[in-house]
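S.K.: Starting off with a structure, shown below.
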Protein chains: 2
Amino acid sequence: MDERRVAAIFKAFCDENRIRIIKLLRSGEKCACKLLEEINVTQPTLSHHMKILCDAEIVVGRKEGKWTHYSISEKGVKQAKECLEQLTTLQVEHKIESCCEK
Amino acid sequence: MDERRVAAIFKAFCDENRIRIIKLLRSGEKCACKLLEEINVTQPTLSHHMKILCDAEIVVGRKEGKWTHYSISEKGVKQAKECLEQLTTLQVEHKIESCCEK
DNA sequence: GCGTCGCATAGAAGATTGTCAATATGTATT
DNA sequence: AATACATATTGACAATCTTCTATGCGACGC
């Protein structure tokens, strides 16, 4: 996965309001109006954050009539976890290249 | 863990150059000068990124004479993983509150 | 069709972040 | 102590991000 995409995924977790939104969604699907009641921003700002969360695929939106219901994407979360894993596991293979002579 | 701290941790993974740095460190400890050769930024910019990575505790620095050797912090990575886990696991407990009448 | 409601988009202001050049700090080496 | 080297800090600027107001758009009820 390229660096640009990785950055986009973890951007979901880089803003305090987005983290609050994710925490709210842990208890299940919620529509935007409900989220709006609980986090202290205007409606367009919420919409902006939801877009970032959806782009990161951490959250999915489901339209139903006038409403949009948001929920945590198990698939997206799995991908984020795998991404974090892949990014941070040490490569045991090959040479130990010494760096900067003593 | 409070939202501010969570955001600081995942900020480590929100910049393309920082992701490149982390990827480079997967193969083991590297000093700043070595990292500098491989990612296309000036020395102060690298230093800035290393500070963010260390603040997030994803990376640790080890000073040895003139040099600073950086490596991935297993402890910090573990914490980030746990944080991601805790942030994204659905709460099965209690009521299914309906949101927005049909 | 007309107004209302829920949400998205556009555009602008302010804050934060990434980057650089210049400089400072700390550590050898001579 | 004087110099050279590795890294950190400072200050400035540009880019990006968060937030707002204003507006647009689709869905529903009358």
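Each chain of the structure tokens is named A, B, ... in the order shown, its residues numbered from 1; ligands are numbered from 1 in display order.
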When the cut-off is 12 Å and we count only C-alpha atoms (C1' of nucleotides), which residues of chain A are near chain C, given as a VMD selection string?
M.R.: chain A and resid 15 31 to 34 36 42 to 51 61 63 to 69 102
S.K.: Using only C-alpha atoms (C1' of nucleotides), which residues of chain D come within 9 Å of chain A, and what is the closest atom pair for each, with the distance in Å to one decimal? Give it as CSV, sorted by chain and residue number.
M.R.:
```
residue,atom,partner,partner_atom,distance
D:DT18,C1',A:Thr45,CA,8.0
D:DT19,C1',A:Thr45,CA,6.5
D:DC20,C1',A:Thr42,CA,7.8
D:DG26,C1',A:Lys66,CA,7.9
D:DA27,C1',A:Lys66,CA,5.4
D:DC28,C1',A:Lys66,CA,7.7
```
S.K.: With N, CA and C atoms (P, O5', C5', C4', C3', O3' and C1' of nucleotides) retained, write the just-selected residues as a PDB file, in the first residue's frame.
M.R.:
```
ATOM      1  P    DT D  18      -8.418  18.066   9.859  1.00  0.00           P
ATOM      2  O5'  DT D  18      -9.200  19.302  10.521  1.00  0.00           O
ATOM      3  C5'  DT D  18      -8.637  19.941  11.665  1.00  0.00           C
ATOM      4  C4'  DT D  18      -9.473  21.151  12.010  1.00  0.00           C
ATOM      5  C3'  DT D  18     -10.976  20.854  12.171  1.00  0.00           C
ATOM      6  O3'  DT D  18     -11.371  21.337  13.453  1.00  0.00           O
ATOM      7  C1'  DT D  18     -10.615  22.704  10.720  1.00  0.00           C
ATOM      8  P    DT D  19     -12.863  21.040  13.995  1.00  0.00           P
ATOM      9  O5'  DT D  19     -13.667  22.320  13.495  1.00  0.00           O
ATOM     10  C5'  DT D  19     -13.413  23.582  14.083  1.00  0.00           C
ATOM     11  C4'  DT D  19     -13.991  24.700  13.249  1.00  0.00           C
ATOM     12  C3'  DT D  19     -15.492  24.594  12.967  1.00  0.00           C
ATOM     13  O3'  DT D  19     -16.215  25.216  13.994  1.00  0.00           O
ATOM     14  C1'  DT D  19     -14.225  25.483  11.110  1.00  0.00           C
ATOM     15  P    DC D  20     -17.825  25.190  13.990  1.00  0.00           P
ATOM     16  O5'  DC D  20     -18.235  26.426  13.046  1.00  0.00           O
ATOM     17  C5'  DC D  20     -17.845  27.747  13.421  1.00  0.00           C
ATOM     18  C4'  DC D  20     -17.987  28.698  12.237  1.00  0.00           C
ATOM     19  C3'  DC D  20     -19.410  28.772  11.677  1.00  0.00           C
ATOM     20  O3'  DC D  20     -20.079  29.916  12.166  1.00  0.00           O
ATOM     21  C1'  DC D  20     -17.754  28.575   9.927  1.00  0.00           C
ATOM     22  P    DG D  26     -30.405  16.591  -6.962  1.00  0.00           P
ATOM     23  O5'  DG D  26     -31.155  15.486  -6.085  1.00  0.00           O
ATOM     24  C5'  DG D  26     -30.374  14.553  -5.345  1.00  0.00           C
ATOM     25  C4'  DG D  26     -31.145  14.138  -4.110  1.00  0.00           C
ATOM     26  C3'  DG D  26     -32.513  13.513  -4.416  1.00  0.00           C
ATOM     27  O3'  DG D  26     -32.608  12.313  -3.670  1.00  0.00           O
ATOM     28  C1'  DG D  26     -32.737  15.253  -2.836  1.00  0.00           C
ATOM     29  P    DA D  27     -33.860  11.318  -3.899  1.00  0.00           P
ATOM     30  O5'  DA D  27     -34.682  11.539  -2.545  1.00  0.00           O
ATOM     31  C5'  DA D  27     -34.044  11.233  -1.302  1.00  0.00           C
ATOM     32  C4'  DA D  27     -35.027  11.473  -0.179  1.00  0.00           C
ATOM     33  C3'  DA D  27     -36.410  10.874  -0.427  1.00  0.00           C
ATOM     34  O3'  DA D  27     -36.865  10.317   0.795  1.00  0.00           O
ATOM     35  C1'  DA D  27     -36.608  13.205  -0.067  1.00  0.00           C
ATOM     36  P    DC D  28     -38.127   9.330   0.801  1.00  0.00           P
ATOM     37  O5'  DC D  28     -39.271  10.223   1.432  1.00  0.00           O
ATOM     38  C5'  DC D  28     -39.194  10.563   2.808  1.00  0.00           C
ATOM     39  C4'  DC D  28     -40.043  11.770   3.092  1.00  0.00           C
ATOM     40  C3'  DC D  28     -41.543  11.540   2.914  1.00  0.00           C
ATOM     41  O3'  DC D  28     -42.128  11.454   4.205  1.00  0.00           O
ATOM     42  C1'  DC D  28     -40.820  13.697   2.141  1.00  0.00           C
TER      43       DC D  28
END
```
S.K.: Show which residues sit within 12 Å of Lys75 of chain B, as a short mmCIF file (atom, residue, chain, number, x, y, z; two decimals) with C-alpha atoms, in the first residue's frame. Count only C-alpha atoms (C1' of nucleotides), and ignore same-chain residues fewer than 5 positions away.
M.R.:
```cif
data_model
loop_
_atom_site.label_atom_id
_atom_site.label_comp_id
_atom_site.auth_asym_id
_atom_site.auth_seq_id
_atom_site.Cartn_x
_atom_site.Cartn_y
_atom_site.Cartn_z
CA THR A 88 5.49 -1.74 12.25
CA THR A 89 6.68 -5.33 12.27
CA ALA B 56 3.96 9.40 19.60
CA GLU B 57 6.27 6.79 21.13
CA ILE B 58 6.26 4.84 17.87
CA VAL B 59 10.00 5.44 17.61
CA VAL B 60 12.72 5.75 20.22
CA ALA B 80 -0.97 2.06 19.30
CA LYS B 81 -2.42 -1.31 18.34
CA GLU B 82 -4.31 -1.60 21.62
#
```
S.K.: I need the contact residues of chain B against chain A, so if you could list those with any atom within 6 Å, counting only C-alpha atoms, and return them as a tab-separated table (two decimals) with N, CA and C atoms, in the first residue's frame, that would help.
M.R.:
```
chain	number	residue	atom	x	y	z
B	3	GLU	N	-8.73	11.84	23.96
B	3	GLU	CA	-8.71	12.05	22.50
B	3	GLU	C	-7.43	12.73	22.03
B	4	ARG	N	-6.94	13.65	22.84
B	4	ARG	CA	-5.74	14.40	22.47
B	4	ARG	C	-4.54	13.47	22.29
B	7	ALA	N	-4.93	11.18	19.20
B	7	ALA	CA	-4.60	11.93	17.99
B	7	ALA	C	-3.09	12.05	17.82
B	10	PHE	N	-1.57	8.68	16.52
B	10	PHE	CA	-1.81	8.34	15.12
B	10	PHE	C	-1.31	9.40	14.15
B	11	LYS	N	-0.94	10.57	14.69
B	11	LYS	CA	-0.35	11.58	13.84
B	11	LYS	C	0.97	11.05	13.24
B	13	PHE	N	1.40	8.43	11.76
B	13	PHE	CA	1.13	7.72	10.50
B	13	PHE	C	0.39	8.57	9.48
B	14	CYS	N	0.34	9.87	9.72
B	14	CYS	CA	-0.47	10.77	8.89
B	14	CYS	C	0.33	11.57	7.89
B	15	ASP	N	1.61	11.33	7.81
B	15	ASP	CA	2.43	12.08	6.86
B	15	ASP	C	3.25	11.10	6.04
B	16	GLU	N	3.28	11.34	4.75
B	16	GLU	CA	3.95	10.39	3.85
B	16	GLU	C	5.41	10.18	4.20
B	26	ARG	N	11.91	-0.51	9.83
B	26	ARG	CA	11.51	-1.91	9.99
B	26	ARG	C	12.70	-2.85	9.87
B	27	SER	N	13.69	-2.40	9.09
B	27	SER	CA	14.86	-3.28	8.92
B	27	SER	C	15.87	-3.11	10.05
B	90	LEU	N	-16.78	-2.81	18.52
B	90	LEU	CA	-18.17	-2.51	18.82
B	90	LEU	C	-18.53	-2.96	20.23
B	91	GLN	N	-19.35	-2.15	20.86
B	91	GLN	CA	-19.85	-2.51	22.19
B	91	GLN	C	-21.12	-3.32	22.00
```
S.K.: Using the chain letters and numbers from this document, which residues of segment 45-74 of chain A does DSSP assign to strand (DSSP E or B), as an mmCIF file with N, CA and C atoms, in the first residue's frame?
M.R.:
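So out.cif came out as:
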```cif
data_model
loop_
_atom_site.group_PDB
_atom_site.id
_atom_site.type_symbol
_atom_site.label_atom_id
_atom_site.label_comp_id
_atom_site.auth_asym_id
_atom_site.auth_seq_id
_atom_site.Cartn_x
_atom_site.Cartn_y
_atom_site.Cartn_z
ATOM 1 N N VAL A 59 -15.413 4.217 8.449
ATOM 2 C CA VAL A 59 -16.856 4.367 8.663
ATOM 3 C C VAL A 59 -17.564 4.201 7.319
ATOM 4 N N VAL A 60 -18.766 3.639 7.361
ATOM 5 C CA VAL A 60 -19.595 3.589 6.151
ATOM 6 C C VAL A 60 -20.921 4.290 6.412
ATOM 7 N N GLY A 61 -21.435 4.922 5.378
ATOM 8 C CA GLY A 61 -22.728 5.600 5.472
ATOM 9 C C GLY A 61 -23.784 4.804 4.721
ATOM 10 N N ARG A 62 -24.983 4.795 5.262
ATOM 11 C CA ARG A 62 -26.088 4.087 4.601
ATOM 12 C C ARG A 62 -27.232 5.084 4.488
ATOM 13 N N LYS A 63 -27.621 5.387 3.281
ATOM 14 C CA LYS A 63 -28.698 6.362 3.092
ATOM 15 C C LYS A 63 -30.045 5.660 3.218
ATOM 16 N N GLU A 64 -30.947 6.352 3.893
ATOM 17 C CA GLU A 64 -32.303 5.799 4.030
ATOM 18 C C GLU A 64 -33.243 6.991 4.047
ATOM 19 N N TRP A 67 -32.353 10.432 5.697
ATOM 20 C CA TRP A 67 -31.270 10.255 6.654
ATOM 21 C C TRP A 67 -30.065 9.482 6.138
ATOM 22 N N THR A 68 -28.932 9.756 6.733
ATOM 23 C CA THR A 68 -27.750 8.935 6.491
ATOM 24 C C THR A 68 -27.318 8.321 7.810
ATOM 25 N N HIS A 69 -27.234 7.025 7.828
ATOM 26 C CA HIS A 69 -26.832 6.309 9.035
ATOM 27 C C HIS A 69 -25.386 5.892 8.893
ATOM 28 N N TYR A 70 -24.600 6.214 9.898
ATOM 29 C CA TYR A 70 -23.179 5.884 9.852
ATOM 30 C C TYR A 70 -22.845 4.778 10.826
ATOM 31 N N SER A 71 -21.907 3.962 10.445
ATOM 32 C CA SER A 71 -21.443 2.915 11.363
ATOM 33 C C SER A 71 -19.979 2.592 11.088
ATOM 34 N N ILE A 72 -19.358 1.965 12.062
ATOM 35 C CA ILE A 72 -17.966 1.556 11.898
ATOM 36 C C ILE A 72 -17.894 0.411 10.899
#
```
S.K.: Mind giving me the straight-line distance from atom C1' of DA2 of chain D to atom CA of Glu37 of chain B in Å, one decimal?
M.R.: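 If I compute the distance from atom C1' of DA2 of chain D to atom CA of Glu37 of chain B, I get 29.3 Å.
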S.K.: Work out how far atom CA of Gly76 of chain A is from atom C1' of DC25 of chain D, in Å to one decimal.
M.R.: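 For atom C1' of DC25 of chain D relative to atom CA of Gly76 of chain A, the distance reads 28.9 Å.
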S.K.: Please identify the alpha helix (DSSP H) residues within segment 26-93 of chain B (assignment by DSSP from backbone atoms) and present them as number ranges by chain.
M.R.: B: 32-38, 43-55, 74-88
